[in-house]
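One structure below.
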Amino acid sequence: MESQNILIKNAKILNPLGNGKTEEKNADVLIVEDKISEINKEIEESNAEKIIDASDKILMPGLVNTHTHISMSLLRGIADDLELDSWLNDYIWPMEAHLNREYCYIGALLGASEMIKSGTTCFSDMYFYMDGVAQAVEEIGMRAVLSYGMIDFGIKEKRENEFKENISLIKNHNNTADGRITTMFGPHSSYTASVELLERVRKEADRYNVGIHIHMNETMKEINDSKEAHENKRPFELLDSIGFLNSDVVAAHCVWLDEKEINLIKNNDVKVSHNPCSNMKLASGVAPIGELLKENICVSLGTDGASSNNNLDVFDEMKFAALLQKVHTLNPKLANADEVINMASYNGAKALNIDAGAIEVGKKADLILLDTKHPNMTPQSNTLSSNLVYSANGSNVDTTICNGKILMEGRKLLTVDEEHILSEAKRAIIEMKELKEAESE
Ligand SMILES: C[C@H]1O[C@@H](n2cnc3c(O)ncnc32)[C@H](O)[C@@H]1O
Ligand SMILES: [Zn+2]
């Protein structure tokens with residue numbers, strides 16, 4: 001893709017400030033190469049090769065999805081209305097046994113297309129055949145933090161294989177695609193990974209200078225099982241006891257936390273990825289977001305995979321994050337629109353250690369424009385954040401820019417052939433279902 005300076009004219013800008021608040025302004029924004037180079041009234045048009053007229057549009061940072069399994073978009077709708085344990089053991093893992101690199105590549109293109117079309121510019125992924133996922137990210141132009149889902153169930157040979165996979169991902173893809181792809185270790189959870197695996201992950205993450213992406217405290221069963229298996233230790237206590245917790249850990253879910261665990265998260269500056277849709281759909285519970293925000297813990301948003309959500313639209317995630325806390329605590333002020341905007345942008349970028357998530361000079365140009373000329377965006381609310389959290393949805397996104405390149409304009413994907421991806425995805429899931437049926441015959 002050729003680099004061109006882009007001038008966004010007459011935008012209504014919503015900028016998250018990182019303190020749970022946002023600011024609004026009317027200005028032009030100039031993008032030079034991969035960065036925001038100027039924010040000002042009436043920037044000279046001759047500075048740009050491409051001019052976007054953003055009258056009637058809202059400009060905000062591209063959304064950051066801090067926990068997903070992108071290739072699971074192929075498994076959308078294969079098993080609904082189940083709790084996590086049965087969903088994983090009886091349906092998802094048996095189906096995932098038939099994945100291969102090609103399917104994960106197609107699934108990643110499908111998921112990335114959905115994300116770009118709903119305003120996400122960066123995601124953090126934990127899955128399998130990550131080389132195929134990296135190829136999809138490279139081609140489509142998004143930003144991504146990739147990790148391999150490490151599961152050993154205490155089996156030494158399996159453990160060796162998991163390190164081989166994750167280390168090869170790091171060696172081949174960390175800081176590639178013009179810096180758009182970075183990597184992490186992805187130990188699945190403290191119930192599928194042994195203490196030996198988790199201890200070694202901490203050491204290798206320090207050695208390779210990458211972060212760690214892990215599922216934590218998702219269900220009540222997980223807490224009870226942890227206490228039974230590990231001398232009454234809850235999952236965060238277990239990880240603390242082996243020196244695992246640090247500011248580079250992104251912990252997905254964090255639904256069932258006691259006061260001691262919240263202190264461990266705070267004192268170790270662990271980043272929390274809140275996944276309200278998945279938590280509601282799998283009936284896992286309600287994360288104590290109010291308590292976490294009170295402690296100034298960095299809370300961001302994740303969709304989880306498209307099989308437990310069942311979409312990858314972070315606009316939905318924002319609305320559900322806000323509404324779930326209100327109904328659960330009977331406090332309408334909790335998880336207000338400004339806080340939720342910060343979670344989906346500024347905090348997500350901070351959790352993933354990327355220089356985006358806000359509209360400031362020098363930041364990466366990961367930006368989206370929403371069209372306000374839609375019935376659901378009319379009339380405008382008093383504040384842009386209210387509009388974006390409560391009224392908008394992903395299909396209001398008109399333009400998506402990542403690393404200074406336009407990935408979607410006028411809702412048309414520019415870097416890939418959307419029709420082709422949809423037909424390839426349909427073919428892949430038919431083939432996987434056939435393989436699964438043949439196996440059970
Ligand atoms: C990487 C593996 O993680 C599995 N997975 C997807 N969603 C969840 C979840 O909410 N909790 C635990 N594990 C999950 C995915 O299917 C892969 O097997
Ligand atoms: Zn997950």
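Scheme for the structure tokens: letters A, B, ... for chains in order shown; per-chain residue numbers from 1; ligand numbers from 1 in order shown.
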
Long-range neighbours of Ala321 (chain A) as JSON, numbers by chain, 9 Å cut-off, only C-alpha atoms, 6 positions minimum in chain: {"A": [274, 275, 276, 277, 289, 301, 335, 340]}

Saved selection, atoms kept: C-alpha atoms, as a CSV table (one decimal), in the first residue's frame:
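Output below, filename result-v6.csv:
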chain,number,residue,atom,x,y,z
A,274,HIS,CA,-13.5,-6.8,30.4
A,275,ASN,CA,-15.7,-9.0,28.1
A,276,PRO,CA,-19.3,-8.3,29.0
A,277,CYS,CA,-21.1,-9.9,26.1
A,289,ILE,CA,-15.9,-3.0,37.1
A,301,LEU,CA,-12.7,-4.1,26.5
A,335,ALA,CA,-19.5,2.9,33.7
A,340,VAL,CA,-16.5,3.3,28.5

Let me have all residues with an atom within 8 Å of ligand 2, counting only C-alpha atoms and all ligand atoms, laid out as JSON, numbers by chain. {"A": [67, 68, 69, 126, 215, 252, 253, 304, 305]}

Taking only C-alpha atoms and all ligand atoms into account, which residues have an atom no farther than 8 Å from ligand 1? I'd like them as a PDB file with N, CA and C atoms, in the first residue's frame.
ATOM      1  N   THR A  68      -9.532 -11.483  22.030  1.00  0.00           N
ATOM      2  CA  THR A  68     -10.357 -12.238  21.090  1.00  0.00           C
ATOM      3  C   THR A  68      -9.611 -13.476  20.626  1.00  0.00           C
ATOM      4  N   HIS A  69     -10.315 -14.280  19.846  1.00  0.00           N
ATOM      5  CA  HIS A  69      -9.752 -15.468  19.195  1.00  0.00           C
ATOM      6  C   HIS A  69     -10.275 -15.339  17.767  1.00  0.00           C
ATOM      7  N   MET A  72     -11.917 -17.851  15.388  1.00  0.00           N
ATOM      8  CA  MET A  72     -13.172 -18.466  15.851  1.00  0.00           C
ATOM      9  C   MET A  72     -14.388 -17.882  15.150  1.00  0.00           C
ATOM     10  N   LEU A  84     -19.701 -22.097  30.020  1.00  0.00           N
ATOM     11  CA  LEU A  84     -18.341 -22.215  29.479  1.00  0.00           C
ATOM     12  C   LEU A  84     -17.840 -23.654  29.434  1.00  0.00           C
ATOM     13  N   LEU A  88     -16.933 -25.336  25.886  1.00  0.00           N
ATOM     14  CA  LEU A  88     -15.553 -25.638  25.480  1.00  0.00           C
ATOM     15  C   LEU A  88     -15.332 -27.128  25.259  1.00  0.00           C
ATOM     16  N   ILE A  92     -16.592 -26.810  21.388  1.00  0.00           N
ATOM     17  CA  ILE A  92     -15.543 -26.002  20.750  1.00  0.00           C
ATOM     18  C   ILE A  92     -14.255 -26.798  20.555  1.00  0.00           C
ATOM     19  N   TRP A  93     -13.747 -27.405  21.617  1.00  0.00           N
ATOM     20  CA  TRP A  93     -12.474 -28.117  21.452  1.00  0.00           C
ATOM     21  C   TRP A  93     -12.591 -29.272  20.443  1.00  0.00           C
ATOM     22  N   GLU A  96     -12.336 -27.535  17.147  1.00  0.00           N
ATOM     23  CA  GLU A  96     -11.013 -26.937  16.912  1.00  0.00           C
ATOM     24  C   GLU A  96      -9.965 -27.997  16.553  1.00  0.00           C
ATOM     25  N   MET A 126      -5.484 -14.630  20.905  1.00  0.00           N
ATOM     26  CA  MET A 126      -4.864 -15.840  21.463  1.00  0.00           C
ATOM     27  C   MET A 126      -5.508 -17.012  20.747  1.00  0.00           C
ATOM     28  N   TYR A 127      -4.729 -17.692  19.888  1.00  0.00           N
ATOM     29  CA  TYR A 127      -5.344 -18.811  19.184  1.00  0.00           C
ATOM     30  C   TYR A 127      -4.282 -19.754  18.640  1.00  0.00           C
ATOM     31  N   PHE A 128      -4.618 -20.470  17.568  1.00  0.00           N
ATOM     32  CA  PHE A 128      -3.745 -21.505  17.016  1.00  0.00           C
ATOM     33  C   PHE A 128      -3.384 -21.144  15.565  1.00  0.00           C
ATOM     34  N   TYR A 148      -0.025 -17.329  21.055  1.00  0.00           N
ATOM     35  CA  TYR A 148      -0.466 -18.705  20.795  1.00  0.00           C
ATOM     36  C   TYR A 148      -1.145 -19.232  22.061  1.00  0.00           C
ATOM     37  N   GLY A 149      -2.288 -19.881  21.925  1.00  0.00           N
ATOM     38  CA  GLY A 149      -3.016 -20.387  23.108  1.00  0.00           C
ATOM     39  C   GLY A 149      -2.362 -21.647  23.668  1.00  0.00           C
ATOM     40  N   MET A 150      -1.586 -21.470  24.726  1.00  0.00           N
ATOM     41  CA  MET A 150      -0.776 -22.582  25.277  1.00  0.00           C
ATOM     42  C   MET A 150      -1.591 -23.384  26.295  1.00  0.00           C
ATOM     43  N   HIS A 188      -3.215 -20.296  28.165  1.00  0.00           N
ATOM     44  CA  HIS A 188      -4.668 -20.181  28.079  1.00  0.00           C
ATOM     45  C   HIS A 188      -5.294 -19.754  29.395  1.00  0.00           C
ATOM     46  N   SER A 189      -4.913 -20.435  30.501  1.00  0.00           N
ATOM     47  CA  SER A 189      -5.531 -20.144  31.809  1.00  0.00           C
ATOM     48  C   SER A 189      -4.786 -20.948  32.870  1.00  0.00           C
ATOM     49  N   HIS A 215      -6.524 -15.997  30.150  1.00  0.00           N
ATOM     50  CA  HIS A 215      -7.884 -15.961  30.720  1.00  0.00           C
ATOM     51  C   HIS A 215      -7.761 -16.087  32.239  1.00  0.00           C
ATOM     52  N   GLU A 218     -12.745 -16.516  35.248  1.00  0.00           N
ATOM     53  CA  GLU A 218     -13.912 -16.322  34.378  1.00  0.00           C
ATOM     54  C   GLU A 218     -15.198 -16.860  35.012  1.00  0.00           C
ATOM     55  N   HIS A 253     -11.329 -11.356  31.270  1.00  0.00           N
ATOM     56  CA  HIS A 253     -12.534 -11.698  32.046  1.00  0.00           C
ATOM     57  C   HIS A 253     -12.516 -11.118  33.463  1.00  0.00           C
ATOM     58  N   SER A 278     -19.564 -11.820  26.216  1.00  0.00           N
ATOM     59  CA  SER A 278     -19.228 -13.233  26.420  1.00  0.00           C
ATOM     60  C   SER A 278     -19.614 -13.667  27.839  1.00  0.00           C
ATOM     61  N   ASN A 279     -19.345 -12.817  28.808  1.00  0.00           N
ATOM     62  CA  ASN A 279     -19.685 -13.161  30.199  1.00  0.00           C
ATOM     63  C   ASN A 279     -21.186 -13.318  30.395  1.00  0.00           C
ATOM     64  N   LEU A 282     -22.350 -16.691  28.189  1.00  0.00           N
ATOM     65  CA  LEU A 282     -21.983 -17.967  28.817  1.00  0.00           C
ATOM     66  C   LEU A 282     -22.464 -18.017  30.277  1.00  0.00           C
ATOM     67  N   ASP A 304     -14.002 -11.319  23.166  1.00  0.00           N
ATOM     68  CA  ASP A 304     -13.821 -12.769  23.178  1.00  0.00           C
ATOM     69  C   ASP A 304     -14.073 -13.260  21.750  1.00  0.00           C
ATOM     70  N   GLY A 305     -14.155 -14.559  21.524  1.00  0.00           N
ATOM     71  CA  GLY A 305     -14.319 -15.047  20.155  1.00  0.00           C
ATOM     72  C   GLY A 305     -15.757 -14.875  19.660  1.00  0.00           C
ATOM     73  N   SER A 307     -17.651 -16.994  18.733  1.00  0.00           N
ATOM     74  CA  SER A 307     -18.521 -18.111  19.075  1.00  0.00           C
ATOM     75  C   SER A 307     -19.136 -17.954  20.466  1.00  0.00           C
ATOM     76  N   SER A 308     -18.682 -16.983  21.229  1.00  0.00           N
ATOM     77  CA  SER A 308     -19.290 -16.757  22.554  1.00  0.00           C
ATOM     78  C   SER A 308     -19.823 -15.341  22.672  1.00  0.00           C
TER      79      SER A 308
END

Nearest to Glu114 (chain A) among A:Val250, A:Leu257, A:Leu413, A:Ile155, with distances taken over only C-alpha atoms: which residue is it?
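Residue with the minimum atom-to-atom distance to Glu114 (chain A): A:Leu413.
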
- Task: May I have all residues of region 178-287 of chain A that DSSP, computed from the backbone, assigns to strand (DSSP E or B), given as a count of residues only?
- Result: 22

Task: Contacts of Asn5 (chain A) within 9 Å, only C-alpha atoms, excl. fewer than 5 positions in-chain, as a ChimeraX atom specification - done: /A:30-33,47-51,404

Same residues, N, CA and C atoms, saved as an mmCIF file, in the first residue's frame:
data_model
loop_
_atom_site.group_PDB
_atom_site.id
_atom_site.type_symbol
_atom_site.label_atom_id
_atom_site.label_comp_id
_atom_site.auth_asym_id
_atom_site.auth_seq_id
_atom_site.Cartn_x
_atom_site.Cartn_y
_atom_site.Cartn_z
ATOM 1 N N LEU A 30 -4.246 16.217 10.220
ATOM 2 C CA LEU A 30 -3.348 15.839 9.126
ATOM 3 C C LEU A 30 -2.564 14.586 9.525
ATOM 4 N N ILE A 31 -2.592 13.611 8.614
ATOM 5 C CA ILE A 31 -1.846 12.367 8.826
ATOM 6 C C ILE A 31 -0.673 12.349 7.863
ATOM 7 N N VAL A 32 0.520 12.186 8.408
ATOM 8 C CA VAL A 32 1.696 12.047 7.554
ATOM 9 C C VAL A 32 2.308 10.679 7.840
ATOM 10 N N GLU A 33 2.437 9.879 6.789
ATOM 11 C CA GLU A 33 2.882 8.486 6.911
ATOM 12 C C GLU A 33 1.998 7.755 7.917
ATOM 13 N N ASN A 47 -1.111 20.408 1.837
ATOM 14 C CA ASN A 47 -0.258 19.495 2.615
ATOM 15 C C ASN A 47 -0.598 18.029 2.367
ATOM 16 N N ALA A 48 -1.721 17.775 1.672
ATOM 17 C CA ALA A 48 -2.188 16.387 1.603
ATOM 18 C C ALA A 48 -2.468 15.924 0.186
ATOM 19 N N GLU A 49 -2.256 14.625 -0.039
ATOM 20 C CA GLU A 49 -2.623 14.032 -1.348
ATOM 21 C C GLU A 49 -4.068 13.563 -1.330
ATOM 22 N N LYS A 50 -4.565 13.278 -0.111
ATOM 23 C CA LYS A 50 -5.946 12.764 -0.003
ATOM 24 C C LYS A 50 -6.693 13.635 1.011
ATOM 25 N N ILE A 51 -7.860 14.150 0.604
ATOM 26 C CA ILE A 51 -8.645 14.975 1.521
ATOM 27 C C ILE A 51 -9.971 14.281 1.803
ATOM 28 N N GLY A 404 -2.033 4.980 9.380
ATOM 29 C CA GLY A 404 -2.004 5.997 8.320
ATOM 30 C C GLY A 404 -2.531 5.531 6.979
#

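Comparing the minimum interatomic distances between Leu407 (chain A) and each of A:Ala287, A:Ala251, A:Ala112, A:Leu239, counting only C-alpha atoms, we find that A:Ala112 sits nearest.
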
Task: Test item, alpha helix (DSSP H) assignment across region 50-95 of chain A, answer as a VMD selection string - done: chain A and resid 84 to 86 93 to 95

Among the residues A:Met343, A:Met95, A:Met115, A:Ile78, the one that comes closest to Val389 (chain A) [using only C-alpha atoms] |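 Among the listed residues, the smallest separation from Val389 (chain A) belongs to A:Met343.
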
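Nearest to Tyr105 (chain A) of all the residues A:Asp355, A:Glu295, A:Ile181, A:Gly132 is A:Gly132, based on only C-alpha atoms.
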
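CA of Ser190 (chain A) is positioned 9.5 Å from CA of Ile151 (chain A).
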
**Message:** Taking 5 positions as the minimum chain separation for residues in the same chain, which residues sit within 9 Å of Asn396 (chain A) when counting only C-alpha atoms? Answer as an NGL selection string.
**Reply:** :A and (117-119 or 369-374 or 376-377 or 411)

Selection export as an mmCIF file, in the first residue's frame, atoms kept: N, CA and C atoms:
data_model
loop_
_atom_site.group_PDB
_atom_site.id
_atom_site.type_symbol
_atom_site.label_atom_id
_atom_site.label_comp_id
_atom_site.auth_asym_id
_atom_site.auth_seq_id
_atom_site.Cartn_x
_atom_site.Cartn_y
_atom_site.Cartn_z
ATOM 1 N N LYS A 117 -14.900 -3.189 9.677
ATOM 2 C CA LYS A 117 -16.210 -2.625 9.330
ATOM 3 C C LYS A 117 -16.967 -2.113 10.543
ATOM 4 N N SER A 118 -16.528 -2.497 11.739
ATOM 5 C CA SER A 118 -17.185 -1.964 12.949
ATOM 6 C C SER A 118 -16.228 -1.089 13.763
ATOM 7 N N GLY A 119 -15.146 -0.608 13.127
ATOM 8 C CA GLY A 119 -14.342 0.451 13.739
ATOM 9 C C GLY A 119 -13.196 0.017 14.634
ATOM 10 N N LEU A 369 -14.029 7.188 11.339
ATOM 11 C CA LEU A 369 -15.040 8.235 11.128
ATOM 12 C C LEU A 369 -16.407 7.582 11.127
ATOM 13 N N LEU A 370 -17.317 8.115 11.944
ATOM 14 C CA LEU A 370 -18.694 7.604 11.954
ATOM 15 C C LEU A 370 -19.597 8.609 11.271
ATOM 16 N N ASP A 371 -20.496 8.095 10.440
ATOM 17 C CA ASP A 371 -21.444 8.943 9.724
ATOM 18 C C ASP A 371 -22.621 9.227 10.651
ATOM 19 N N THR A 372 -22.913 10.502 10.858
ATOM 20 C CA THR A 372 -24.043 10.840 11.740
ATOM 21 C C THR A 372 -25.360 10.919 10.967
ATOM 22 N N LYS A 373 -25.276 10.808 9.621
ATOM 23 C CA LYS A 373 -26.508 10.907 8.828
ATOM 24 C C LYS A 373 -27.217 9.552 8.744
ATOM 25 N N HIS A 374 -27.582 9.046 9.908
ATOM 26 C CA HIS A 374 -28.345 7.800 10.011
ATOM 27 C C HIS A 374 -29.483 8.042 10.998
ATOM 28 N N ASN A 376 -30.477 6.302 13.485
ATOM 29 C CA ASN A 376 -30.116 6.017 14.886
ATOM 30 C C ASN A 376 -29.129 7.028 15.465
ATOM 31 N N MET A 377 -28.603 7.920 14.616
ATOM 32 C CA MET A 377 -27.685 8.958 15.107
ATOM 33 C C MET A 377 -28.356 10.334 15.049
ATOM 34 N N ARG A 411 -17.668 2.480 3.647
ATOM 35 C CA ARG A 411 -17.998 1.090 4.049
ATOM 36 C C ARG A 411 -17.473 0.038 3.079
#
